[in-house]
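Remarks on the structure that follows.
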Amino acid sequence: MPSPKRIGKIEFGLFSPKEIRKMSVRKIIWADTYDEDGFPYPQGLMDLNLGVIDPGLRCKTCDQKAADCPGHFGHIELAKPVIHVGYTRLIRKLLRVTCRNCSRLLLPPTEIEKVLSTDEESGPDVLTEKDIKKEQICPHCAEQQYKINFEKPTTFSEVWMEGNRKMEHKLTPADIRARLEKIPDEDLRALGINPVVARPEWTILTVLPVPPVTMRPSIILENGQRSEDDLTHKLVDIIRINQRFKENQDAGAPQLIIEDLWELLQYHVTTYLDNEVAGCPPARHRSGRPLKTLSQRLKGKEGRFRGSLSGKRVNFSARTVISPDPNISVREVGIPLACANEMTIPVRVTPFNITEVREFIMNGPDRKDVNAPCGANYVIRPDNRRIRLSETNLQTVSEMVEPGWTVERQLRDTDVVLFNRQPSLHRMSIMAHQTKVMQGKTFRLNPAVCPPYNADFDGDEMNLHVPQTEEAMAEAHILLAVQENILSPRFGGPIIGGIHDHVSGIFMLTHGLRWFPKRDVLYLLEARNLPRLPPPGREEEGIPYWSNKQVFSLILPSDLNMVFRASSCQNCPQCKEESCDRDAYVKIIDGLLHSGTIDKKSIGAFDGQILHRIIRQYGMRRSADFIDDMTKLAIRSIMLDGFSFGIDDEDLSKTEYGQIREVLDTAANDVRTRIKIYEEGALEPMPGRTEEETLEMQIMQVMGKARDRTGEIAGRHLGLENSAVVMAVSGARGSMLNLTQMAGCIGQQSVRGERIMRGYDERTLPHFKRRDRGAEAHGFIKNSYKSGLSPTEFFFHAIGGREGLVDTAVRTSQSGYLQRRMINALQDLKVAYDGTVRTTGGRIIQFLYGEDGTDPAKSSYGNPVDVKGIVESVLKEES
Amino acid sequence: MSTINVLDHVMVPEHKIMSEEDVQALFSRYHLTSDQLPKIFHDDPAAKAIKAKIGDVIRIVRFSQTAGIAESYRLVIKRPKK
Ligand SMILES: [Mg+2]
Ligand SMILES: [Zn+2]
Ligand SMILES: [Zn+2]
Ligand SMILES: [Zn+2]
């Protein structure tokens, strides 16, 4: 599809003084803004010709009211020319490449020809500073050239040697302007400047445009005082100095005073254009706040480009703190009543919905209860006039509405909204949820959708947007709904799934073999809403019992077949399959869990295998239902037994403490012997390493092993009755290493992968002897978090911990910038119907998307076909 | 001076100049004009090795992680200065 118009070229030019005067509607000569009556001064900065901001007044230029007048430029005649800070580099370049006498290019015509004519096809080339030798003699008038010195922000001077003395002469803006004026047009063309639109002398300002008042409106404070815009403040300064300058000039003031005033005028014009120039103190407000001048309005995150054009604030959005609610579906989002009352959806009135719409209006804007039917806040007439609904006009308005009108009704349950958490790093950062109006003041979401948003509940806030048209709602529902985004395009697996307690809960439910009486089974499966229970697995004294595996099977599709190994599998060399010691061999035949423990590998976010299989075989809707059933079952399972962790869960017995001490002492002794060997010079260095490096590596290794040994000792004592072990084994949270550090020994602290070496002269802390290479002196922590750290250990721990903090801080800022560049480069590429990836201009980026044309979100971990899944469901055994 | 042919290197995919008919077929298959093709500079080592001229279209056949074999086409253009 060709774009309707193609941009041939873009031309950048400068305003000439003539153009500035031509577009100006008024010459501004007074620094004052308003008189005592609050009326704008004629020829002042708020002159009525420059446009109007006060309602009621009319513009003297276009005779329109404040709302319609676009504003008009004025101008200030400067007493003497000043440099435009934005062009100092161009000015420097031009001064350096042209003659100080005749202003011709410092290159004979033949040489110019040579540089320019190297390329025939791609058009004429451009001369640069590098093509011209410094401090030479002019080839046209034989004038000796001087070096041009540039000092930030706007000072130019000539430097030359007279005998042994260094001479310096400052160039005034007027001098520079005179030199630039004389540069011939042909020479400018050779430099890549089009003299028709940008004569270089126009970079030296002789007349200053005064922007319309509409872009620097004054605001009225609460106390009735006028407060002027920063730009106006700066313009006042410029006019004041300009006025004084003129008076002094006319009175024939001494050169010194003139120069001072000239510099002051230059300072004010410079800071008016850019208040963050290097080498120039920023102009400040009376309060000490730096002024926001022209350049500051455009630059940076909050500037016009990134802040107002690439990103804007929007209507129909809400933001508040989030909190968890495991009882709502992953597809839902809980919305506070106050929020739902404020946010609206336009409903066009038709003969078919007019009775319903009348009810909305009659319910009014003030819904009191979450279960009450929704009301309406506004009614829009066919002529686009809005009527605000209030208790007083409900009856009249509801009688007035007829087809053709629009009613803005409040949010109610099952509306489609977009839900978002920043930073929006991938597409699952914005998903469509169904609303559920709730009590309270926070957005509620099911913890299973935390992973895609990367949300937690330590004060996180999220945004919510309400689509306003039927098309937008349909698009949100079809493309952005939570169930459509369970599979991540990043790795082709589920990104929504059980977390934390879901995993612990389902692990505790399904591990080993347990029997539940009917009461417990019904409690566990209350949310599943089963029509009937399957026959019990066992009967004892006439009481029926169901097994834990049976209970879990009830949330599975009835013809699911899969075999895999759980997170808790230890990868034994010879797998014992069904008779695994850890019950890690998961076997599901015809929707019945025969063996194995369900844990992170089965239902967790990122690698939930069962989840993944259900999506591929039964679709998104069924899998969203499964997530809801699974999370509810898991939460009930964990509540059935209770689950907690306390300080005494880290306790070991006397034997273990003795063993740990022994292991650490042996390791410390081992290190001491190795140090001795090294000091005697008998250490055999490893290939490519010095002796010292070898010793360091050996010490790290010995102490690392010792730490792991303490972990094993602690692990022997702590079994599945320990909550931390359950969490680590099931993959819910934490690892055996965390447990080792809590109960056994924290181990070596390191900076950049090495033992801690920094600190004092030849030692890390004054507590140690100089040149001590022992384990304690370089950051080995013998203690556990339970036993507590010694002062030196605590210090080393802080050193090691800080590295991690610095790393994260640096990484996030760097990856954020990379992400922004990537987004800007790729933002409007799309996959065309022929499978090619193209830019908006139809230019090809890839001939087939991803080279295989596969949507990774519809793939099975990147593969177009899930062979293992198909084989398993046909053979009903491991493939 | 002995020169090595970059095309012999294992990391360099196959480059072939396409015939006029093949180029026309390509353009009609993808509804393309030549300026919508990806580009390759005339002095690219691979382009030089097959003696491609400005305006030629080169077919590049790569081994692909995802697809096994992936074809791509590039228009030879003059390298702009700087
Ligand atoms: Mg947080
Ligand atoms: Zn106007
Ligand atoms: Zn000259
Ligand atoms: Zn096993």
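Residues in the structure tokens are named by chain (A, B, ... in the order shown) and by number from 1 within that chain; ligands are numbered from 1 in the order shown.
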
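The environment of Glu408 of chain A within 7 Å, counting only C-alpha atoms and disregarding residues fewer than 6 places along the same chain, consists of Thr344, Ile345, Pro346, Val347, Ala376, Asn377, Tyr378 and Val379 of chain A.
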
| message | Residues within 10 Å of segment 49-55 of chain B, please, as a PyMOL selection string. Count only C-alpha atoms; anything in the same chain fewer than 2 positions from it doesn't count. | response | chain B and resi 4-7+15-18+34+40-47+57-58+74-79

| task | Let me have all residues with an atom within 10 Å of ligand 3, counting only C-alpha atoms and all ligand atoms, laid out as a ChimeraX atom specification. | result | /A:98-107,137-145

Write a file of the just-selected residues containing N, CA and C atoms, as a CSV table (one decimal), in the first residue's frame.
```csv
chain,number,residue,atom,x,y,z
A,98,THR,N,37.0,30.5,6.7
A,98,THR,CA,36.9,31.7,5.8
A,98,THR,C,38.0,32.7,6.2
A,99,CYS,N,38.4,33.6,5.2
A,99,CYS,CA,39.4,34.5,5.4
A,99,CYS,C,39.0,35.7,6.4
A,100,ARG,N,39.9,36.1,7.2
A,100,ARG,CA,39.5,37.2,8.2
A,100,ARG,C,39.5,38.5,7.5
A,101,ASN,N,40.0,38.6,6.3
A,101,ASN,CA,39.9,39.9,5.6
A,101,ASN,C,38.8,39.9,4.5
A,102,CYS,N,38.9,38.9,3.6
A,102,CYS,CA,38.0,38.9,2.4
A,102,CYS,C,36.8,38.0,2.6
A,103,SER,N,36.8,37.1,3.6
A,103,SER,CA,35.7,36.2,3.9
A,103,SER,C,35.5,35.1,2.8
A,104,ARG,N,36.5,34.9,2.0
A,104,ARG,CA,36.4,33.8,1.0
A,104,ARG,C,36.8,32.5,1.7
A,105,LEU,N,36.4,31.4,1.1
A,105,LEU,CA,36.9,30.1,1.6
A,105,LEU,C,38.4,30.0,1.5
A,106,LEU,N,39.0,29.5,2.5
A,106,LEU,CA,40.5,29.4,2.5
A,106,LEU,C,41.0,28.2,1.7
A,107,LEU,N,40.5,28.2,0.5
A,107,LEU,CA,40.9,27.1,-0.4
A,107,LEU,C,40.8,27.6,-1.8
A,137,ILE,N,47.8,31.3,4.8
A,137,ILE,CA,47.7,32.6,4.1
A,137,ILE,C,46.5,32.4,3.1
A,138,CYS,N,45.7,33.5,3.0
A,138,CYS,CA,44.5,33.4,2.2
A,138,CYS,C,44.9,33.3,0.7
A,139,PRO,N,44.4,32.3,0.0
A,139,PRO,CA,44.8,32.1,-1.4
A,139,PRO,C,44.2,33.2,-2.3
A,140,HIS,N,43.3,34.0,-1.8
A,140,HIS,CA,42.6,35.1,-2.6
A,140,HIS,C,43.3,36.5,-2.3
A,141,CYS,N,43.5,36.8,-1.0
A,141,CYS,CA,44.0,38.2,-0.8
A,141,CYS,C,45.4,38.1,0.0
A,142,ALA,N,45.9,36.9,0.2
A,142,ALA,CA,47.2,36.8,0.8
A,142,ALA,C,47.3,37.3,2.2
A,143,GLU,N,46.1,37.3,2.9
A,143,GLU,CA,46.1,37.8,4.3
A,143,GLU,C,46.5,36.6,5.2
A,144,GLN,N,47.4,36.9,6.2
A,144,GLN,CA,47.7,35.9,7.2
A,144,GLN,C,46.5,35.6,8.1
A,145,GLN,N,46.2,34.3,8.3
A,145,GLN,CA,45.0,33.9,9.1
A,145,GLN,C,45.4,33.7,10.5
```

| request: May I have the residues within 10 Å of ligand 4, computed using only C-alpha atoms and all ligand atoms, as number ranges by chain? | output: A: 565-566, 568-586, 596

Convert the current residue selection to file output with C-alpha atoms, as a compact mmCIF listing (two decimals), in the first residue's frame.
```
# COMPACT_ATOMS: atom_id res chain seq x y z
CA ARG A 565 9.16 -35.19 35.83
CA ALA A 566 8.34 -32.63 38.48
CA SER A 568 11.42 -31.96 42.77
CA CYS A 569 12.97 -34.64 40.52
CA GLN A 570 16.62 -35.18 41.37
CA ASN A 571 17.58 -36.56 37.98
CA CYS A 572 18.56 -39.89 39.38
CA PRO A 573 20.81 -41.79 36.93
CA GLN A 574 18.25 -44.59 36.83
CA CYS A 575 14.73 -43.19 37.13
CA LYS A 576 12.50 -45.32 39.34
CA GLU A 577 9.45 -43.85 37.60
CA GLU A 578 6.24 -44.58 39.53
CA SER A 579 8.14 -45.76 42.59
CA CYS A 580 10.25 -42.59 42.81
CA ASP A 581 11.33 -41.80 46.38
CA ARG A 582 10.31 -38.18 45.99
CA ASP A 583 7.10 -38.94 44.06
CA ALA A 584 8.47 -36.78 41.23
CA TYR A 585 7.34 -38.95 38.28
CA VAL A 586 4.13 -37.29 37.11
CA GLY A 596 3.79 -37.77 40.91
```

| field | chain A residues near chain B (6 Å cut-off, only C-alpha atoms) as an NGL selection string | value | :A and (843-844 or 851-852)

Next, write the just-selected residues to a file, as a CSV table (one decimal), in the first residue's frame, keeping all heavy atoms as the atom set.
```csv
chain,number,residue,atom,x,y,z
A,843,ARG,N,8.6,-1.1,2.7
A,843,ARG,CA,10.0,-1.7,2.6
A,843,ARG,C,10.1,-2.9,3.4
A,843,ARG,O,9.6,-3.0,4.5
A,843,ARG,CB,11.0,-0.6,3.0
A,843,ARG,CG,11.3,0.3,1.9
A,843,ARG,CD,12.4,1.4,2.3
A,843,ARG,NE,13.3,1.0,3.3
A,843,ARG,CZ,13.6,1.6,4.4
A,843,ARG,NH1,12.9,2.7,4.7
A,843,ARG,NH2,14.5,1.1,5.3
A,844,ILE,N,10.8,-3.9,2.8
A,844,ILE,CA,10.9,-5.2,3.4
A,844,ILE,C,12.0,-5.3,4.5
A,844,ILE,O,13.1,-4.9,4.3
A,844,ILE,CB,11.1,-6.3,2.4
A,844,ILE,CG1,9.8,-6.4,1.5
A,844,ILE,CG2,11.4,-7.6,3.0
A,844,ILE,CD1,9.5,-7.7,0.9
A,851,GLU,N,11.7,-15.9,9.8
A,851,GLU,CA,12.2,-16.8,8.8
A,851,GLU,C,11.4,-18.1,8.7
A,851,GLU,O,11.5,-18.8,7.7
A,851,GLU,CB,13.7,-17.2,9.1
A,851,GLU,CG,14.6,-15.9,9.0
A,851,GLU,CD,16.0,-16.2,9.2
A,851,GLU,OE1,16.4,-17.3,9.8
A,851,GLU,OE2,16.9,-15.5,8.8
A,852,ASP,N,10.5,-18.4,9.7
A,852,ASP,CA,9.7,-19.6,9.5
A,852,ASP,C,8.2,-19.2,9.5
A,852,ASP,O,7.3,-20.1,9.4
A,852,ASP,CB,10.0,-20.6,10.6
A,852,ASP,CG,9.7,-20.1,12.0
A,852,ASP,OD1,9.4,-18.9,12.1
A,852,ASP,OD2,9.8,-20.9,12.9
```

| request: Please give me, as a ChimeraX atom specification, the residues lying within 6 Å of ligand 1 when counting only C-alpha atoms and all ligand atoms. | output: /A:456-460

| Nearby polymer residues, ligand 2, at most 9 Å, only C-alpha atoms and all ligand atoms, as a count of residues only | 19

| request: List every residue of chain B that DSSP, applied to the backbone, labels as strand (DSSP E or B), and write the result as a VMD selection string. | output: chain B and resid 14 to 17 39 to 41 57 to 64 68 to 77

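From atom CA of Ala527 of chain A back to atom CA of Asn327 of chain A, the distance works out to 9.0 Å.
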
| query | Excluding same-chain residues fewer than 5 positions from Gln617 of chain A, what lies within 9 Å of it counting only C-alpha atoms, as a VMD selection string? | reply | chain A and resid 560 612 869

Would you output that residue set with N, CA and C atoms, as a compact mmCIF listing (two decimals), in the first residue's frame?
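This is the output file part-v8.txt:
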```
# COMPACT_ATOMS: atom_id res chain seq x y z
N LEU A 560 -6.95 -36.03 29.38
CA LEU A 560 -5.57 -35.53 29.34
C LEU A 560 -4.60 -36.68 29.59
N HIS A 612 0.31 -25.69 29.78
CA HIS A 612 0.70 -25.56 28.39
C HIS A 612 -0.04 -26.58 27.52
N GLY A 869 3.60 -33.79 22.89
CA GLY A 869 2.22 -33.75 23.37
C GLY A 869 1.31 -34.65 22.56
```

| Sel. of helix (DSSP H, G or I) residues, segment 69-215 of chain A, as an MDAnalysis selection string | chainID A and resid 85:97 109:116 129:131 173:181 185:190 200:203 213:215

| Counting only C-alpha atoms, what is within 7 Å of Gly364 of chain A, bar same-chain residues fewer than 4 positions away, as a ChimeraX atom specification? | /A:360,375-377,389-391,394

| request: Calculate how many Å separate atom CA of Leu418 of chain A from atom CA of Val466 of chain A, rounding to one decimal. | output: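 Taking atom CA of Leu418 of chain A and atom CA of Val466 of chain A, their separation equals 6.4 Å.
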
| Which value, in Å to one decimal, gives the distance between atom CA of Met736 of chain A and atom CA of Ile603 of chain A? |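 Computing the Euclidean distance for atom CA of Met736 of chain A and atom CA of Ile603 of chain A yields 20.9 Å.
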
Neighbours of Leu445 of chain A within 10 Å (only C-alpha atoms; same-chain residues fewer than 5 positions away dropped), as a JSON list (two decimals) with all heavy atoms, in the first residue's frame?
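Output contents, as saved in around_4.json:
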```
[["chain", "number", "residue", "atom", "x", "y", "z"],
["A", 322, "ILE", "N", -2.77, -1.62, 43.92],
["A", 322, "ILE", "CA", -3.36, -2.93, 43.65],
["A", 322, "ILE", "C", -3.26, -3.80, 44.89],
["A", 322, "ILE", "O", -2.35, -3.64, 45.69],
["A", 322, "ILE", "CB", -2.67, -3.64, 42.47],
["A", 322, "ILE", "CG1", -1.15, -3.67, 42.66],
["A", 322, "ILE", "CG2", -3.04, -2.97, 41.16],
["A", 322, "ILE", "CD1", -0.46, -4.62, 41.72],
["A", 323, "SER", "N", -4.22, -4.70, 45.04],
["A", 323, "SER", "CA", -4.11, -5.70, 46.09],
["A", 323, "SER", "C", -4.67, -7.02, 45.56],
["A", 323, "SER", "O", -5.42, -7.04, 44.59],
["A", 323, "SER", "CB", -4.83, -5.24, 47.35],
["A", 323, "SER", "OG", -6.01, -4.56, 47.04],
["A", 324, "PRO", "N", -4.28, -8.13, 46.19],
["A", 324, "PRO", "CA", -4.64, -9.44, 45.65],
["A", 324, "PRO", "C", -6.03, -9.88, 46.06],
["A", 324, "PRO", "O", -6.51, -9.51, 47.13],
["A", 324, "PRO", "CB", -3.59, -10.37, 46.28],
["A", 324, "PRO", "CG", -3.25, -9.72, 47.58],
["A", 324, "PRO", "CD", -3.41, -8.24, 47.38],
["A", 325, "ASP", "N", -6.66, -10.67, 45.21],
["A", 325, "ASP", "CA", -7.92, -11.30, 45.57],
["A", 325, "ASP", "C", -7.98, -12.66, 44.87],
["A", 325, "ASP", "O", -8.32, -12.75, 43.70],
["A", 325, "ASP", "CB", -9.10, -10.42, 45.14],
["A", 325, "ASP", "CG", -10.41, -11.00, 45.65],
["A", 325, "ASP", "OD1", -10.43, -12.20, 45.99],
["A", 325, "ASP", "OD2", -11.41, -10.26, 45.69],
["A", 326, "PRO", "N", -7.64, -13.72, 45.59],
["A", 326, "PRO", "CA", -7.61, -15.04, 44.94],
["A", 326, "PRO", "C", -8.99, -15.56, 44.59],
["A", 326, "PRO", "O", -9.10, -16.57, 43.91],
["A", 326, "PRO", "CB", -6.93, -15.93, 45.99],
["A", 326, "PRO", "CG", -7.15, -15.24, 47.28],
["A", 326, "PRO", "CD", -7.26, -13.79, 46.99],
["A", 327, "ASN", "N", -10.04, -14.88, 45.04],
["A", 327, "ASN", "CA", -11.38, -15.38, 44.78],
["A", 327, "ASN", "C", -11.98, -14.87, 43.48],
["A", 327, "ASN", "O", -13.03, -15.34, 43.06],
["A", 327, "ASN", "CB", -12.30, -15.04, 45.94],
["A", 327, "ASN", "CG", -11.85, -15.74, 47.20],
["A", 327, "ASN", "OD1", -11.54, -16.93, 47.17],
["A", 327, "ASN", "ND2", -11.76, -15.00, 48.28],
["A", 328, "ILE", "N", -11.35, -13.91, 42.82],
["A", 328, "ILE", "CA", -11.84, -13.51, 41.51],
["A", 328, "ILE", "C", -11.05, -14.26, 40.44],
["A", 328, "ILE", "O", -9.96, -14.76, 40.70],
["A", 328, "ILE", "CB", -11.76, -11.98, 41.29],
["A", 328, "ILE", "CG1", -10.32, -11.48, 41.33],
["A", 328, "ILE", "CG2", -12.64, -11.23, 42.26],
["A", 328, "ILE", "CD1", -10.16, -10.03, 40.92],
["A", 329, "SER", "N", -11.62, -14.31, 39.25],
["A", 329, "SER", "CA", -10.97, -15.03, 38.16],
["A", 329, "SER", "C", -9.76, -14.25, 37.67],
["A", 329, "SER", "O", -9.68, -13.04, 37.85],
["A", 329, "SER", "CB", -11.97, -15.22, 37.03],
["A", 329, "SER", "OG", -11.29, -15.55, 35.84],
["A", 330, "VAL", "N", -8.82, -14.95, 37.02],
["A", 330, "VAL", "CA", -7.70, -14.24, 36.41],
["A", 330, "VAL", "C", -8.20, -13.29, 35.33],
["A", 330, "VAL", "O", -7.54, -12.30, 35.00],
["A", 330, "VAL", "CB", -6.65, -15.18, 35.78],
["A", 330, "VAL", "CG1", -5.84, -15.86, 36.85],
["A", 330, "VAL", "CG2", -7.29, -16.16, 34.84],
["A", 331, "ARG", "N", -9.39, -13.58, 34.79],
["A", 331, "ARG", "CA", -9.93, -12.74, 33.71],
["A", 331, "ARG", "C", -10.53, -11.45, 34.25],
["A", 331, "ARG", "O", -10.83, -10.55, 33.49],
["A", 331, "ARG", "CB", -11.01, -13.50, 32.95],
["A", 331, "ARG", "CG", -10.42, -14.49, 31.99],
["A", 331, "ARG", "CD", -11.50, -15.27, 31.33],
["A", 331, "ARG", "NE", -11.97, -16.34, 32.20],
["A", 331, "ARG", "CZ", -12.39, -17.51, 31.75],
["A", 331, "ARG", "NH1", -12.42, -17.75, 30.47],
["A", 331, "ARG", "NH2", -12.80, -18.43, 32.58],
["A", 332, "GLU", "N", -10.72, -11.39, 35.57],
["A", 332, "GLU", "CA", -11.41, -10.23, 36.13],
["A", 332, "GLU", "C", -10.43, -9.22, 36.71],
["A", 332, "GLU", "O", -9.26, -9.52, 36.93],
["A", 332, "GLU", "CB", -12.37, -10.69, 37.22],
["A", 332, "GLU", "CG", -13.57, -11.42, 36.67],
["A", 332, "GLU", "CD", -14.46, -11.94, 37.78],
["A", 332, "GLU", "OE1", -13.95, -12.53, 38.74],
["A", 332, "GLU", "OE2", -15.66, -11.74, 37.66],
["A", 333, "VAL", "N", -10.94, -8.04, 36.97],
["A", 333, "VAL", "CA", -10.21, -7.06, 37.76],
["A", 333, "VAL", "C", -11.23, -6.37, 38.67],
["A", 333, "VAL", "O", -12.33, -6.02, 38.22],
["A", 333, "VAL", "CB", -9.48, -6.03, 36.88],
["A", 333, "VAL", "CG1", -10.41, -5.27, 35.96],
["A", 333, "VAL", "CG2", -8.69, -5.05, 37.73],
["A", 334, "GLY", "N", -10.87, -6.25, 39.93],
["A", 334, "GLY", "CA", -11.78, -5.60, 40.87],
["A", 334, "GLY", "C", -11.61, -4.09, 40.80],
["A", 334, "GLY", "O", -10.49, -3.59, 40.83],
["A", 335, "ILE", "N", -12.74, -3.37, 40.67],
["A", 335, "ILE", "CA", -12.66, -1.92, 40.57],
["A", 335, "ILE", "C", -13.39, -1.29, 41.74],
["A", 335, "ILE", "O", -14.52, -1.69, 42.05],
["A", 335, "ILE", "CB", -13.31, -1.45, 39.26],
["A", 335, "ILE", "CG1", -12.55, -2.03, 38.08],
["A", 335, "ILE", "CG2", -13.30, 0.06, 39.15],
["A", 335, "ILE", "CD1", -13.00, -1.52, 36.77],
["A", 433, "HIS", "N", -9.24, -6.99, 30.93],
["A", 433, "HIS", "CA", -9.91, -7.75, 32.00],
["A", 433, "HIS", "C", -11.40, -7.42, 32.00],
["A", 433, "HIS", "O", -11.82, -6.39, 31.48],
["A", 433, "HIS", "CB", -9.34, -7.36, 33.37],
["A", 433, "HIS", "CG", -7.94, -7.82, 33.62],
["A", 433, "HIS", "ND1", -7.62, -8.79, 34.54],
["A", 433, "HIS", "CD2", -6.77, -7.44, 33.07],
["A", 433, "HIS", "CE1", -6.33, -8.98, 34.56],
["A", 433, "HIS", "NE2", -5.77, -8.17, 33.68],
["A", 450, "CYS", "N", 0.03, -11.91, 38.28],
["A", 450, "CYS", "CA", 1.16, -11.05, 38.65],
["A", 450, "CYS", "C", 2.37, -11.21, 37.73],
["A", 450, "CYS", "O", 2.98, -10.22, 37.36],
["A", 450, "CYS", "CB", 1.55, -11.30, 40.10],
["A", 450, "CYS", "SG", 0.40, -10.55, 41.25],
["A", 455, "ALA", "N", 3.96, -7.66, 38.83],
["A", 455, "ALA", "CA", 3.41, -6.88, 39.94],
["A", 455, "ALA", "C", 3.56, -7.63, 41.25],
["A", 455, "ALA", "O", 3.62, -8.85, 41.29],
["A", 455, "ALA", "CB", 1.93, -6.62, 39.68]]
```
